[in-house]
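Novice: This one is coords_24.cif, mmCIF, C-alpha atoms.
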data_work
#
loop_
_atom_site.label_atom_id
_atom_site.label_comp_id
_atom_site.auth_asym_id
_atom_site.auth_seq_id
_atom_site.Cartn_x
_atom_site.Cartn_y
_atom_site.Cartn_z
CA MET O 1 -15.87 -36.96 96.03
CA ASN O 2 -13.03 -38.95 94.51
CA SER O 3 -12.14 -36.63 91.65
CA ASN O 4 -12.39 -33.11 90.31
CA THR O 5 -14.58 -34.26 87.45
CA GLU O 6 -16.98 -36.04 89.79
CA ALA O 7 -17.24 -32.96 92.02
CA ILE O 8 -17.98 -30.70 89.05
CA ALA O 9 -20.54 -33.08 87.59
CA SER O 10 -22.26 -33.47 90.96
CA PHE O 11 -22.40 -29.69 91.43
CA VAL O 12 -24.15 -29.29 88.07
CA SER O 13 -26.50 -32.19 88.66
CA GLU O 14 -27.54 -30.99 92.12
CA LEU O 15 -27.80 -27.26 91.41
CA LYS O 16 -31.22 -25.84 92.33
CA TYR O 17 -32.82 -22.48 91.68
CA ASP O 18 -33.23 -21.80 95.40
CA ALA O 19 -29.46 -22.06 95.88
CA ILE O 20 -28.82 -19.13 93.55
CA PRO O 21 -28.78 -15.65 95.15
CA LYS O 22 -31.20 -13.08 93.75
CA GLU O 23 -28.25 -10.90 92.75
CA ALA O 24 -26.92 -13.72 90.56
CA VAL O 25 -30.36 -14.29 88.99
CA ASP O 26 -30.74 -10.58 88.23
CA ARG O 27 -27.23 -10.41 86.78
CA THR O 28 -27.95 -13.46 84.61
CA LYS O 29 -31.11 -11.86 83.20
CA ARG O 30 -29.15 -8.68 82.46
CA GLN O 31 -26.49 -10.64 80.58
CA ILE O 32 -29.12 -12.60 78.64
CA LEU O 33 -30.79 -9.40 77.48
CA ASP O 34 -27.44 -7.90 76.54
CA VAL O 35 -26.31 -10.88 74.47
CA ILE O 36 -29.66 -11.06 72.66
CA GLY O 37 -29.20 -7.44 71.63
CA VAL O 38 -25.64 -7.82 70.39
CA ALA O 39 -26.60 -11.05 68.59
CA LEU O 40 -29.43 -9.33 66.75
CA ALA O 41 -27.05 -6.59 65.65
CA GLY O 42 -24.43 -9.24 64.85
CA SER O 43 -26.86 -11.02 62.52
CA THR O 44 -26.58 -8.03 60.17
CA GLN O 45 -22.80 -8.40 59.81
CA GLN O 46 -21.21 -10.33 56.94
CA VAL O 47 -19.96 -13.05 59.27
CA GLY O 48 -23.51 -13.45 60.64
CA LYS O 49 -25.01 -13.62 57.16
CA LEU O 50 -22.50 -16.28 56.10
CA ALA O 51 -23.23 -18.34 59.21
CA ALA O 52 -26.99 -18.13 58.62
CA ARG O 53 -26.48 -19.13 54.98
CA PHE O 54 -24.46 -22.16 56.09
CA VAL O 55 -27.17 -23.27 58.53
CA GLU O 56 -29.86 -22.77 55.90
CA LYS O 57 -27.88 -24.91 53.44
CA THR O 58 -27.21 -27.72 55.89
CA GLY O 59 -30.80 -27.97 57.08
CA GLY O 60 -31.82 -30.06 60.07
CA THR O 61 -34.91 -30.21 62.24
CA SER O 62 -36.94 -27.06 62.84
CA ASP O 63 -36.90 -27.16 66.65
CA CYS O 64 -35.01 -23.95 67.28
CA THR O 65 -35.02 -20.28 66.35
CA VAL O 66 -32.23 -18.49 64.52
CA TRP O 67 -32.52 -15.16 66.33
CA GLY O 68 -33.68 -12.19 64.31
CA THR O 69 -34.67 -14.29 61.29
CA GLU O 70 -37.46 -16.56 60.10
CA LEU O 71 -35.09 -19.55 60.02
CA ARG O 72 -35.52 -22.57 62.24
CA THR O 73 -33.00 -25.37 62.63
CA SER O 74 -31.70 -28.11 64.93
CA PRO O 75 -30.37 -27.41 68.44
CA PRO O 76 -26.67 -27.83 67.51
CA GLN O 77 -27.00 -25.60 64.47
CA ALA O 78 -29.04 -22.99 66.35
CA ALA O 79 -26.38 -22.86 69.06
CA PHE O 80 -23.72 -22.49 66.37
CA VAL O 81 -25.28 -19.67 64.36
CA ASN O 82 -26.63 -17.74 67.35
CA GLY O 83 -23.21 -18.05 69.00
CA ILE O 84 -21.59 -16.50 65.93
CA PHE O 85 -24.20 -13.74 65.91
CA SER O 86 -23.47 -13.09 69.60
CA HIS O 87 -19.72 -12.60 69.09
CA ALA O 88 -19.77 -11.09 65.59
CA LEU O 89 -19.26 -7.53 66.81
CA ASP O 90 -17.09 -8.32 69.85
CA TYR O 91 -19.74 -6.36 71.74
CA ASP O 92 -20.74 -9.18 74.09
CA ASP O 93 -19.86 -9.35 77.77
CA ARG O 94 -16.56 -10.38 79.28
CA TRP O 95 -15.19 -11.18 82.70
CA LEU O 96 -12.09 -12.15 84.66
CA PRO O 97 -10.28 -14.25 83.55
CA GLY O 98 -10.46 -12.84 80.05
CA ALA O 99 -13.16 -14.59 78.05
CA HIS O 100 -16.65 -13.99 76.67
CA PRO O 101 -18.99 -16.17 78.75
CA THR O 102 -22.54 -15.45 77.59
CA ALA O 103 -21.97 -15.55 73.82
CA VAL O 104 -20.64 -19.10 74.03
CA THR O 105 -23.01 -20.52 76.67
CA PHE O 106 -26.41 -18.89 76.25
CA PRO O 107 -27.00 -19.83 72.58
CA ALA O 108 -26.54 -23.47 73.62
CA THR O 109 -28.73 -23.08 76.71
CA LEU O 110 -31.60 -21.43 74.86
CA ALA O 111 -31.45 -23.86 71.91
CA ILE O 112 -31.98 -26.87 74.16
CA ALA O 113 -34.44 -25.05 76.40
CA GLU O 114 -36.53 -24.14 73.36
CA SER O 115 -36.48 -27.69 72.01
CA LEU O 116 -37.55 -29.05 75.42
CA ARG O 117 -40.02 -26.20 76.06
CA SER O 118 -38.25 -25.66 79.39
CA SER O 119 -39.33 -23.10 81.95
CA GLY O 120 -37.54 -19.83 82.40
CA ARG O 121 -36.47 -20.92 85.87
CA ASN O 122 -34.82 -24.06 84.49
CA LEU O 123 -33.10 -21.98 81.84
CA ILE O 124 -31.67 -19.67 84.52
CA VAL O 125 -30.36 -22.63 86.54
CA ALA O 126 -28.76 -24.16 83.46
CA GLN O 127 -27.18 -20.86 82.44
CA MET O 128 -25.80 -20.45 85.96
CA ALA O 129 -24.23 -23.91 85.74
CA GLY O 130 -22.64 -22.89 82.45
CA TYR O 131 -21.24 -19.68 83.90
CA GLU O 132 -19.93 -21.40 87.00
CA ILE O 133 -18.09 -24.24 85.28
CA MET O 134 -16.62 -22.01 82.57
CA GLY O 135 -15.43 -19.41 85.06
CA LYS O 136 -14.03 -21.69 87.74
CA LEU O 137 -12.33 -23.97 85.23
CA GLN O 138 -10.45 -21.12 83.59
CA SER O 139 -9.60 -19.50 86.93
CA CYS O 140 -7.43 -22.39 88.05
CA THR O 141 -5.24 -22.41 84.93
CA GLY O 142 -2.06 -20.52 84.26
CA GLU O 143 -0.75 -19.12 80.99
CA ARG O 144 -3.12 -19.98 78.18
CA GLY O 145 -0.60 -19.70 75.35
CA GLY O 146 -2.10 -19.63 71.88
CA TRP O 147 -5.55 -20.91 72.83
CA HIS O 148 -8.58 -18.62 72.70
CA PRO O 149 -10.26 -19.27 76.08
CA THR O 150 -13.78 -18.33 74.96
CA CYS O 151 -14.02 -21.52 72.92
CA VAL O 152 -11.81 -23.75 75.07
CA PHE O 153 -13.54 -23.07 78.38
CA GLY O 154 -16.85 -22.03 76.85
CA THR O 155 -17.20 -25.52 75.41
CA PHE O 156 -17.31 -26.90 78.96
CA GLY O 157 -19.65 -24.15 80.14
CA ALA O 158 -22.06 -24.91 77.31
CA THR O 159 -21.79 -28.63 78.07
CA ALA O 160 -22.67 -28.02 81.71
CA ALA O 161 -25.67 -25.85 80.81
CA VAL O 162 -27.06 -28.30 78.25
CA GLY O 163 -26.35 -31.28 80.50
CA LYS O 164 -28.33 -29.60 83.27
CA LEU O 165 -31.33 -29.03 81.00
CA LEU O 166 -31.16 -32.64 79.82
CA ASP O 167 -31.09 -33.73 83.49
CA LEU O 168 -27.95 -35.82 83.05
CA ASP O 169 -26.76 -37.69 86.13
CA PRO O 170 -23.18 -37.11 87.36
CA LEU O 171 -21.75 -40.06 85.41
CA LYS O 172 -23.25 -38.91 82.12
CA LEU O 173 -22.16 -35.34 82.83
CA SER O 174 -18.62 -36.63 83.39
CA MET O 175 -18.81 -38.42 80.05
CA ALA O 176 -20.10 -35.24 78.42
CA PHE O 177 -17.12 -33.29 79.78
CA GLY O 178 -14.83 -35.98 78.40
CA ILE O 179 -16.39 -35.61 74.95
CA ALA O 180 -16.21 -31.83 75.23
CA ALA O 181 -12.47 -31.98 75.96
CA SER O 182 -11.88 -33.46 72.52
CA GLU O 183 -14.00 -30.71 70.95
CA ALA O 184 -12.47 -27.73 72.77
CA SER O 185 -10.37 -25.55 70.50
CA GLY O 186 -9.84 -22.01 69.21
CA MET O 187 -6.62 -20.31 68.13
CA ARG O 188 -5.77 -16.77 69.24
CA VAL O 189 -4.01 -16.14 65.92
CA ASN O 190 -7.49 -15.92 64.37
CA ILE O 191 -8.32 -12.77 66.36
CA GLY O 192 -9.21 -10.04 63.87
CA THR O 193 -10.91 -12.41 61.42
CA MET O 194 -14.35 -14.01 61.08
CA THR O 195 -13.02 -17.07 62.87
CA LYS O 196 -12.99 -15.29 66.24
CA PRO O 197 -16.81 -15.14 66.35
CA PHE O 198 -16.78 -18.68 64.94
CA HIS O 199 -15.12 -19.69 68.21
CA ALA O 200 -18.22 -18.69 70.21
CA GLY O 201 -20.56 -20.53 67.84
CA HIS O 202 -18.31 -23.57 67.75
CA GLY O 203 -18.08 -23.72 71.55
CA ALA O 204 -21.86 -23.42 71.89
CA ARG O 205 -22.44 -26.22 69.39
CA ASN O 206 -19.76 -28.34 71.07
CA GLY O 207 -21.69 -28.22 74.32
CA VAL O 208 -24.94 -29.30 72.69
CA VAL O 209 -23.25 -32.16 70.85
CA ALA O 210 -21.31 -33.40 73.89
CA ALA O 211 -24.32 -33.41 76.22
CA MET O 212 -26.70 -34.96 73.68
CA LEU O 213 -24.22 -37.73 72.88
CA ALA O 214 -23.66 -38.44 76.58
CA GLU O 215 -27.41 -38.57 77.14
CA ASP O 216 -27.61 -41.47 74.71
CA GLY O 217 -24.71 -43.36 76.29
CA PHE O 218 -21.73 -42.16 74.26
CA SER O 219 -18.58 -42.84 76.27
CA ALA O 220 -15.47 -40.79 77.05
CA ASN O 221 -12.85 -40.50 79.77
CA PRO O 222 -14.96 -39.74 82.87
CA ASN O 223 -12.03 -38.10 84.73
CA ILE O 224 -11.00 -35.50 82.19
CA PHE O 225 -10.31 -32.74 84.76
CA ASP O 226 -8.08 -35.09 86.77
CA ILE O 227 -5.86 -36.25 83.94
CA GLY O 228 -6.05 -35.24 80.32
CA PHE O 229 -7.45 -31.76 79.73
CA PHE O 230 -5.00 -29.58 81.63
CA GLU O 231 -2.00 -31.62 80.51
CA ALA O 232 -3.04 -31.37 76.85
CA PHE O 233 -3.79 -27.65 76.83
CA PHE O 234 -1.33 -26.32 79.42
CA HIS O 235 1.33 -29.08 79.59
CA THR O 236 0.81 -29.52 83.30
CA HIS O 237 -1.89 -30.14 85.87
CA PRO O 238 -2.53 -26.94 87.87
CA SER O 239 -1.30 -26.94 91.46
CA ASN O 240 -4.26 -24.72 92.39
CA ASP O 241 -7.01 -26.99 91.08
CA TRP O 242 -8.49 -26.99 94.57
CA GLN O 243 -10.03 -23.67 93.55
CA LEU O 244 -12.02 -25.52 90.91
CA THR O 245 -13.98 -27.51 93.48
CA MET O 246 -13.75 -25.49 96.69
CA PHE O 247 -15.36 -22.35 95.29
CA LEU O 248 -18.11 -23.87 93.13
CA GLY O 249 -21.11 -21.67 93.87
CA ASN O 250 -19.21 -20.03 96.72
CA PRO O 251 -19.24 -17.35 95.50
CA TYR O 252 -20.85 -17.62 92.08
CA HIS O 253 -18.43 -16.45 89.43
CA ILE O 254 -20.97 -14.08 87.92
CA ILE O 255 -20.95 -12.16 91.24
CA ASN O 256 -17.27 -12.36 92.17
CA PRO O 257 -15.16 -11.43 90.31
CA GLY O 258 -18.24 -10.47 88.30
CA ILE O 259 -19.13 -9.77 84.70
CA GLY O 260 -19.10 -6.61 82.63
CA ILE O 261 -21.43 -5.17 80.00
CA LYS O 262 -19.19 -4.12 77.11
CA MET O 263 -19.98 -0.59 76.01
CA TYR O 264 -17.67 -0.61 72.99
CA PRO O 265 -17.76 -3.12 70.09
CA SER O 266 -14.04 -3.92 70.31
CA ASP O 267 -11.65 -5.96 72.40
CA GLY O 268 -12.44 -5.56 76.08
CA TYR O 269 -9.11 -4.00 77.07
CA LEU O 270 -9.02 -1.39 74.30
CA PRO O 271 -11.54 0.93 76.00
CA LEU O 272 -8.67 1.60 78.43
CA THR O 273 -6.74 3.03 75.48
CA PHE O 274 -9.72 4.86 73.99
CA GLU O 275 -10.87 6.46 77.24
CA SER O 276 -7.34 7.45 78.28
CA THR O 277 -6.86 9.21 74.93
CA LEU O 278 -10.33 10.77 74.94
CA LYS O 279 -9.79 12.14 78.43
CA LEU O 280 -6.73 14.05 77.22
CA VAL O 281 -8.46 15.21 74.04
CA LYS O 282 -11.30 16.72 76.05
CA GLU O 283 -9.16 18.21 78.84
CA HIS O 284 -6.81 19.95 76.41
CA SER O 285 -9.16 20.56 73.44
CA ILE O 286 -6.90 18.56 71.14
CA GLY O 287 -7.65 18.28 67.42
CA VAL O 288 -5.96 16.05 64.90
CA ALA O 289 -3.81 18.94 63.60
CA ASP O 290 -2.39 19.43 67.11
CA VAL O 291 -1.00 15.92 67.37
CA VAL O 292 2.65 15.20 66.63
CA SER O 293 2.58 11.73 68.16
CA ILE O 294 0.68 9.52 70.57
CA THR O 295 2.41 6.89 72.71
CA ILE O 296 0.37 4.18 74.44
CA SER O 297 2.05 2.28 77.28
CA VAL O 298 1.21 -1.36 77.96
CA ALA O 299 2.48 -3.76 80.63
CA ARG O 300 3.74 -6.34 78.15
CA PRO O 301 3.55 -7.06 74.43
CA ASP O 302 0.05 -8.08 73.39
CA ASN O 303 -1.97 -9.00 70.32
CA PHE O 304 -3.36 -5.48 69.94
CA ASN O 305 -0.30 -3.63 68.65
CA ARG O 306 -1.64 -3.20 65.12
CA PRO O 307 -0.20 -0.04 63.54
CA THR O 308 -1.91 -0.83 60.24
CA VAL O 309 -5.38 -2.28 59.77
CA ASN O 310 -7.25 -3.00 56.57
CA THR O 311 -10.64 -4.21 57.81
CA GLY O 312 -13.07 -3.44 60.57
CA LEU O 313 -12.45 -6.86 62.11
CA GLU O 314 -8.75 -6.04 62.43
CA ALA O 315 -9.45 -2.54 63.74
CA LYS O 316 -11.42 -3.92 66.71
CA PHE O 317 -8.11 -5.24 68.05
CA SER O 318 -5.84 -2.25 67.43
CA HIS O 319 -4.67 0.16 70.15
CA GLN O 320 -3.73 2.58 67.40
CA TYR O 321 -7.16 2.56 65.77
CA LEU O 322 -9.02 3.12 69.05
CA ALA O 323 -6.72 6.01 69.95
CA ALA O 324 -7.25 7.53 66.51
CA LEU O 325 -11.03 7.31 66.96
CA ALA O 326 -10.74 9.18 70.26
CA VAL O 327 -9.06 12.09 68.48
CA LEU O 328 -11.09 12.08 65.27
CA GLU O 329 -14.60 11.23 66.51
CA GLY O 330 -14.67 11.12 70.28
CA LYS O 331 -16.89 8.02 70.21
CA VAL O 332 -16.91 4.34 69.28
CA THR O 333 -19.97 2.81 67.60
CA ILE O 334 -20.72 -0.23 65.51
CA GLU O 335 -20.28 1.94 62.43
CA SER O 336 -16.77 2.90 63.58
CA PHE O 337 -15.64 -0.55 62.41
CA ALA O 338 -17.14 -0.53 58.94
CA ASP O 339 -14.43 -1.34 56.41
CA GLU O 340 -15.02 1.92 54.59
CA ARG O 341 -14.42 3.90 57.82
CA VAL O 342 -11.19 2.02 58.51
CA GLU O 343 -9.93 2.74 54.99
CA ARG O 344 -10.45 6.51 55.19
CA LYS O 345 -7.34 8.65 54.81
CA ASP O 346 -7.77 10.61 58.06
CA VAL O 347 -7.63 7.57 60.33
CA GLN O 348 -4.92 5.81 58.33
CA GLU O 349 -2.70 8.89 58.42
CA LEU O 350 -3.20 9.52 62.14
CA MET O 351 -2.35 5.91 62.97
CA THR O 352 1.15 6.44 61.54
CA ARG O 353 1.73 8.87 64.44
CA ILE O 354 0.66 6.38 67.13
CA SER O 355 3.01 3.85 68.75
CA ILE O 356 3.06 1.30 71.56
CA ARG O 357 5.58 1.31 74.39
CA VAL O 358 6.10 -1.61 76.78
CA ASP O 359 6.42 -0.43 80.39
CA SER O 360 7.24 -3.31 82.72
CA SER O 361 6.36 -1.18 85.76
CA LEU O 362 2.66 -1.24 84.85
CA PRO O 363 0.53 -3.87 86.62
CA LYS O 364 0.24 -7.13 84.71
CA ASN O 365 -2.78 -8.15 86.79
CA PRO O 366 -5.69 -7.98 84.29
CA ASP O 367 -8.02 -6.70 87.01
CA LEU O 368 -5.75 -3.67 87.53
CA ARG O 369 -4.65 -3.16 83.95
CA TYR O 370 -4.53 0.35 82.44
CA HIS O 371 -2.90 2.02 79.42
CA PRO O 372 -1.29 5.43 80.06
CA VAL O 373 -1.27 7.71 77.03
CA ALA O 374 1.16 10.52 76.17
CA ILE O 375 0.30 13.00 73.41
CA GLN O 376 3.03 15.26 72.04
CA LEU O 377 1.50 18.48 70.71
CA ARG O 378 2.76 20.81 67.99
CA ASP O 379 3.30 23.59 70.51
CA GLY O 380 5.94 21.41 72.20
CA LYS O 381 3.81 20.38 75.16
CA VAL O 382 3.40 16.70 76.14
CA VAL O 383 0.21 15.78 77.99
CA THR O 384 -0.24 12.46 79.78
CA GLY O 385 -3.06 10.62 81.46
CA ALA O 386 -4.82 7.29 82.01
CA GLN O 387 -8.28 5.93 82.68
CA PRO O 388 -7.82 2.94 85.02
CA LEU O 389 -11.42 1.67 85.01
CA ALA O 390 -13.15 1.95 81.65
CA ARG O 391 -16.88 1.49 81.04
CA GLY O 392 -17.63 -2.19 80.61
CA HIS O 393 -15.09 -3.41 83.20
CA TRP O 394 -16.56 -6.04 85.54
CA ARG O 395 -16.15 -3.57 88.43
CA TYR O 396 -17.51 -0.54 86.57
CA PRO O 397 -21.02 0.31 87.77
CA LEU O 398 -23.59 0.71 85.00
CA ASP O 399 -27.18 1.62 85.78
CA ARG O 400 -30.12 -0.04 84.06
CA SER O 401 -30.78 2.88 81.74
CA GLU O 402 -27.26 2.60 80.26
CA TRP O 403 -27.38 -1.07 79.37
CA LEU O 404 -30.99 -0.87 78.23
CA GLU O 405 -30.03 1.94 75.85
CA LYS O 406 -27.32 -0.29 74.41
CA PHE O 407 -29.81 -3.18 74.06
CA ARG O 408 -32.39 -1.04 72.29
CA ASP O 409 -29.83 0.39 69.88
CA ASN O 410 -28.70 -3.11 68.94
CA ALA O 411 -32.04 -4.89 68.84
CA THR O 412 -33.91 -2.24 66.84
CA ARG O 413 -31.48 -2.76 63.97
CA VAL O 414 -33.42 -5.97 63.28
CA LEU O 415 -36.71 -6.00 65.20
CA THR O 416 -39.54 -3.52 65.65
CA GLU O 417 -39.73 -1.41 68.77
CA SER O 418 -42.74 -3.46 69.85
CA HIS O 419 -40.72 -6.68 69.59
CA VAL O 420 -37.89 -5.07 71.52
CA ASN O 421 -40.21 -3.99 74.35
CA ASN O 422 -41.65 -7.51 74.48
CA ILE O 423 -38.18 -9.03 74.82
CA ILE O 424 -37.37 -6.73 77.74
CA GLU O 425 -40.63 -7.64 79.49
CA VAL O 426 -40.13 -11.37 78.98
CA VAL O 427 -36.52 -11.41 80.19
CA ASP O 428 -37.35 -9.21 83.20
CA ASP O 429 -39.86 -11.87 84.29
CA LEU O 430 -37.88 -14.87 83.04
CA GLU O 431 -38.00 -16.83 86.31
CA ASN O 432 -41.81 -16.92 86.09
CA LEU O 433 -41.97 -18.01 82.44
CA GLU O 434 -43.56 -21.43 81.98
CA ASP O 435 -42.19 -22.02 78.48
CA VAL O 436 -39.17 -20.25 76.97
CA SER O 437 -40.73 -20.48 73.51
CA VAL O 438 -42.52 -17.27 74.58
CA LEU O 439 -39.08 -15.64 74.44
CA THR O 440 -37.90 -17.29 71.22
CA LYS O 441 -41.14 -16.32 69.50
CA VAL O 442 -40.38 -12.62 69.96
CA LEU O 443 -36.82 -13.19 68.70
CA ARG O 444 -38.13 -14.08 65.24
CA THR O 445 -38.82 -11.50 62.56
#
When written as structure tokens, how does the structure in this file appear?
Specialist:
Amino acid sequence: MNSNTEAIASFVSELKYDAIPKEAVDRTKRQILDVIGVALAGSTQQVGKLAARFVEKTGGTSDCTVWGTELRTSPPQAAFVNGIFSHALDYDDRWLPGAHPTAVTFPATLAIAESLRSSGRNLIVAQMAGYEIMGKLQSCTGERGGWHPTCVFGTFGATAAVGKLLDLDPLKLSMAFGIAASEASGMRVNIGTMTKPFHAGHGARNGVVAAMLAEDGFSANPNIFDIGFFEAFFHTHPSNDWQLTMFLGNPYHIINPGIGIKMYPSDGYLPLTFESTLKLVKEHSIGVADVVSITISVARPDNFNRPTVNTGLEAKFSHQYLAALAVLEGKVTIESFADERVERKDVQELMTRISIRVDSSLPKNPDLRYHPVAIQLRDGKVVTGAQPLARGHWRYPLDRSEWLEKFRDNATRVLTESHVNNIIEVVDDLENLEDVSVLTKVLRT
């Protein structure tokens, strides 16, 4: 291979189902089921309704399903709206390095697979290509600055997945990556607004557009991962880009470092705050009247120090709000982030007693990250504790019953129990499915 881009494109082009370990296939099916569930629940949110309205207004062909609705649209628009659904609640999976892989790749993969009437096995291979390129590409970069990696790197993952389904040769895949580089975007300052879920939909649509254009001969720089992308986004070419090619499929990124099922509809690191606080609340039988103050320690300043929040979207990214929920309710649900819950006096008042402290001695490694909590009580006692590995972490073991319960709770908000059971059966046997339209059919109301 003469270049990084050529090596990546060749890996995608040559990837076969038999090269994928059963563990990776099973993990992929689990993540697909999970993202379908959170997308169905996400379709009920205001951001999901606005996205569906936009797609309905702009029309297009009727090749693809808008999940949980009767709408049908074109592959790019289906990828877009289903991507927004998937990230609307911030309840979709995440991995190391920090990004949301399935919400930005699978809507693109399924849109093209449905339009081509692909087999379930081909869909799995394409999704694996998407995971692998997104994960390995981000892993060899340094500080990501103000970019939101879900859209930046997810655009390339979606491009790889769609390019695989379209059976693009390595040269056309290289062109598709070049096109995708000019589409990749997403600003972290939009976290806490509707534009964060837009990033997932935008990245999914980017991948469909880039691969479809390349299929028809649209040109771009065919060496984008050798000169261009890294310099534009990170101001330098990474010295460790050997990791990008050396570890492709060895091991698969979905296996190591792995991927987590999020068990809370909030930012992926905030369960560390919630569970640390809840642990103390339970151990010491703490009620809201007992609390003088709560101090949450973090390794360095982050985007989640939000002492005041006015909407549910903002509250999903607030250490203070998650700690307040631990004291007031002892649980986090989708309803915890309804605007009317956020506005209630009890939570707003308690948040005034909660502060963030930067402790440089804490590990900055995101795989080892934790948030110690100290609660000062009215009797003068100070209790401290931490939960280093919260539910939903990529190394936290969840059994099937736990993530199926989450899926059912999400999916039954839109579909009947019979539909939900059918989806589970279809995804469980996805590798033997001759036509993925069997799956998309049960995703329609």
Novice: What is the CA of Leu272 (chain O) to CA of Arg94 (chain O) distance in Å?
Specialist: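 CA of Arg94 (chain O) lies 14.4 Å from CA of Leu272 (chain O).
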Novice: CA of Thr150 (chain O) and CA of Met246 (chain O) are how many Å apart?
Specialist: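 These atoms are spaced 22.9 Å apart.
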Novice: From (-20.1, -2.2, 74.6), in the file's coordinates, out to 8 Å: which residues are reached, counting only C-alpha atoms? Answer as a PyMOL selection string.
Specialist: chain O and resi 91-93+261-266+392+406
Novice: Applied to the shown file, which residues does the PyMOL selection byres ((chain O and resi 48) around 12) return, written as a PDB file with C-alpha atoms, keeping the file's coordinate frame?
Specialist:
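Wrote it out as result23.pdb, contents follow:
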ATOM      1  CA  VAL O  38     -25.640  -7.820  70.390  1.00  0.00           C
ATOM      2  CA  ALA O  39     -26.600 -11.050  68.590  1.00  0.00           C
ATOM      3  CA  LEU O  40     -29.430  -9.330  66.750  1.00  0.00           C
ATOM      4  CA  ALA O  41     -27.050  -6.590  65.650  1.00  0.00           C
ATOM      5  CA  GLY O  42     -24.430  -9.240  64.850  1.00  0.00           C
ATOM      6  CA  SER O  43     -26.860 -11.020  62.520  1.00  0.00           C
ATOM      7  CA  THR O  44     -26.580  -8.030  60.170  1.00  0.00           C
ATOM      8  CA  GLN O  45     -22.800  -8.400  59.810  1.00  0.00           C
ATOM      9  CA  GLN O  46     -21.210 -10.330  56.940  1.00  0.00           C
ATOM     10  CA  VAL O  47     -19.960 -13.050  59.270  1.00  0.00           C
ATOM     11  CA  LYS O  49     -25.010 -13.620  57.160  1.00  0.00           C
ATOM     12  CA  LEU O  50     -22.500 -16.280  56.100  1.00  0.00           C
ATOM     13  CA  ALA O  51     -23.230 -18.340  59.210  1.00  0.00           C
ATOM     14  CA  ALA O  52     -26.990 -18.130  58.620  1.00  0.00           C
ATOM     15  CA  ARG O  53     -26.480 -19.130  54.980  1.00  0.00           C
ATOM     16  CA  PHE O  54     -24.460 -22.160  56.090  1.00  0.00           C
ATOM     17  CA  VAL O  55     -27.170 -23.270  58.530  1.00  0.00           C
ATOM     18  CA  VAL O  66     -32.230 -18.490  64.520  1.00  0.00           C
ATOM     19  CA  TRP O  67     -32.520 -15.160  66.330  1.00  0.00           C
ATOM     20  CA  GLY O  68     -33.680 -12.190  64.310  1.00  0.00           C
ATOM     21  CA  THR O  69     -34.670 -14.290  61.290  1.00  0.00           C
ATOM     22  CA  PHE O  80     -23.720 -22.490  66.370  1.00  0.00           C
ATOM     23  CA  VAL O  81     -25.280 -19.670  64.360  1.00  0.00           C
ATOM     24  CA  ASN O  82     -26.630 -17.740  67.350  1.00  0.00           C
ATOM     25  CA  GLY O  83     -23.210 -18.050  69.000  1.00  0.00           C
ATOM     26  CA  ILE O  84     -21.590 -16.500  65.930  1.00  0.00           C
ATOM     27  CA  PHE O  85     -24.200 -13.740  65.910  1.00  0.00           C
ATOM     28  CA  SER O  86     -23.470 -13.090  69.600  1.00  0.00           C
ATOM     29  CA  HIS O  87     -19.720 -12.600  69.090  1.00  0.00           C
ATOM     30  CA  ALA O  88     -19.770 -11.090  65.590  1.00  0.00           C
ATOM     31  CA  LEU O  89     -19.260  -7.530  66.810  1.00  0.00           C
ATOM     32  CA  MET O 194     -14.350 -14.010  61.080  1.00  0.00           C
ATOM     33  CA  THR O 195     -13.020 -17.070  62.870  1.00  0.00           C
ATOM     34  CA  PRO O 197     -16.810 -15.140  66.350  1.00  0.00           C
ATOM     35  CA  PHE O 198     -16.780 -18.680  64.940  1.00  0.00           C
ATOM     36  CA  GLY O 201     -20.560 -20.530  67.840  1.00  0.00           C
TER      37      GLY O 201
END
Novice: Got a sec: who's within 12 Å of Gly146 (chain O), counting only C-alpha atoms, leaving out chain neighbours fewer than 5 positions off, as a list in words?
Specialist: Val152, Ser185, Gly186, Met187, Arg188, Val189, Asn190, Ile191, Phe233, Phe234, Asp302 and Asn303 of chain O
Novice: Using all atoms listed in the file and a cutoff of 10 Å, can you tell me which residues are near (-10.3, -5.0, 62.9) in the file's coordinates, and write them out as JSON, numbers by chain?
Specialist: {"O": [191, 192, 193, 266, 267, 304, 306, 308, 309, 310, 311, 312, 313, 314, 315, 316, 317, 318, 321, 337, 338, 339, 342]}
Novice: Mind pulling up the distance from CA of Met128 (chain O) to CA of Pro97 (chain O)?
Specialist: 16.9 Å
Novice: For the provided coordinates, the residues matched by the PyMOL selection byres ((chain O and resi 281) around 12) should be stated as JSON, numbers by chain.
Specialist: {"O": [274, 275, 276, 277, 278, 279, 280, 282, 283, 284, 285, 286, 287, 288, 290, 291, 294, 323, 324, 325, 326, 327, 328, 329, 330, 331, 373, 374, 375, 376, 377, 383, 384, 385, 386]}
Novice: Here is a test: counting all atoms listed in the file, which residue of O:Ala78, O:Leu439, O:Leu137, O:Leu430 is nearest to His253 (chain O)?
Specialist: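 Nearest candidate to His253 (chain O) out of O:Ala78, O:Leu439, O:Leu137, O:Leu430: O:Leu137.
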Novice: I would like the residues chosen by the PyMOL selection byres ((chain O and resi 434) around 6) on the shown file; could you give them as a CSV table (one decimal) with C-alpha atoms, in the coordinates of the input?
Specialist:
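Produced file selection-v5.csv, reproduced below:
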chain,number,residue,atom,x,y,z
O,119,SER,CA,-39.3,-23.1,82.0
O,433,LEU,CA,-42.0,-18.0,82.4
O,435,ASP,CA,-42.2,-22.0,78.5
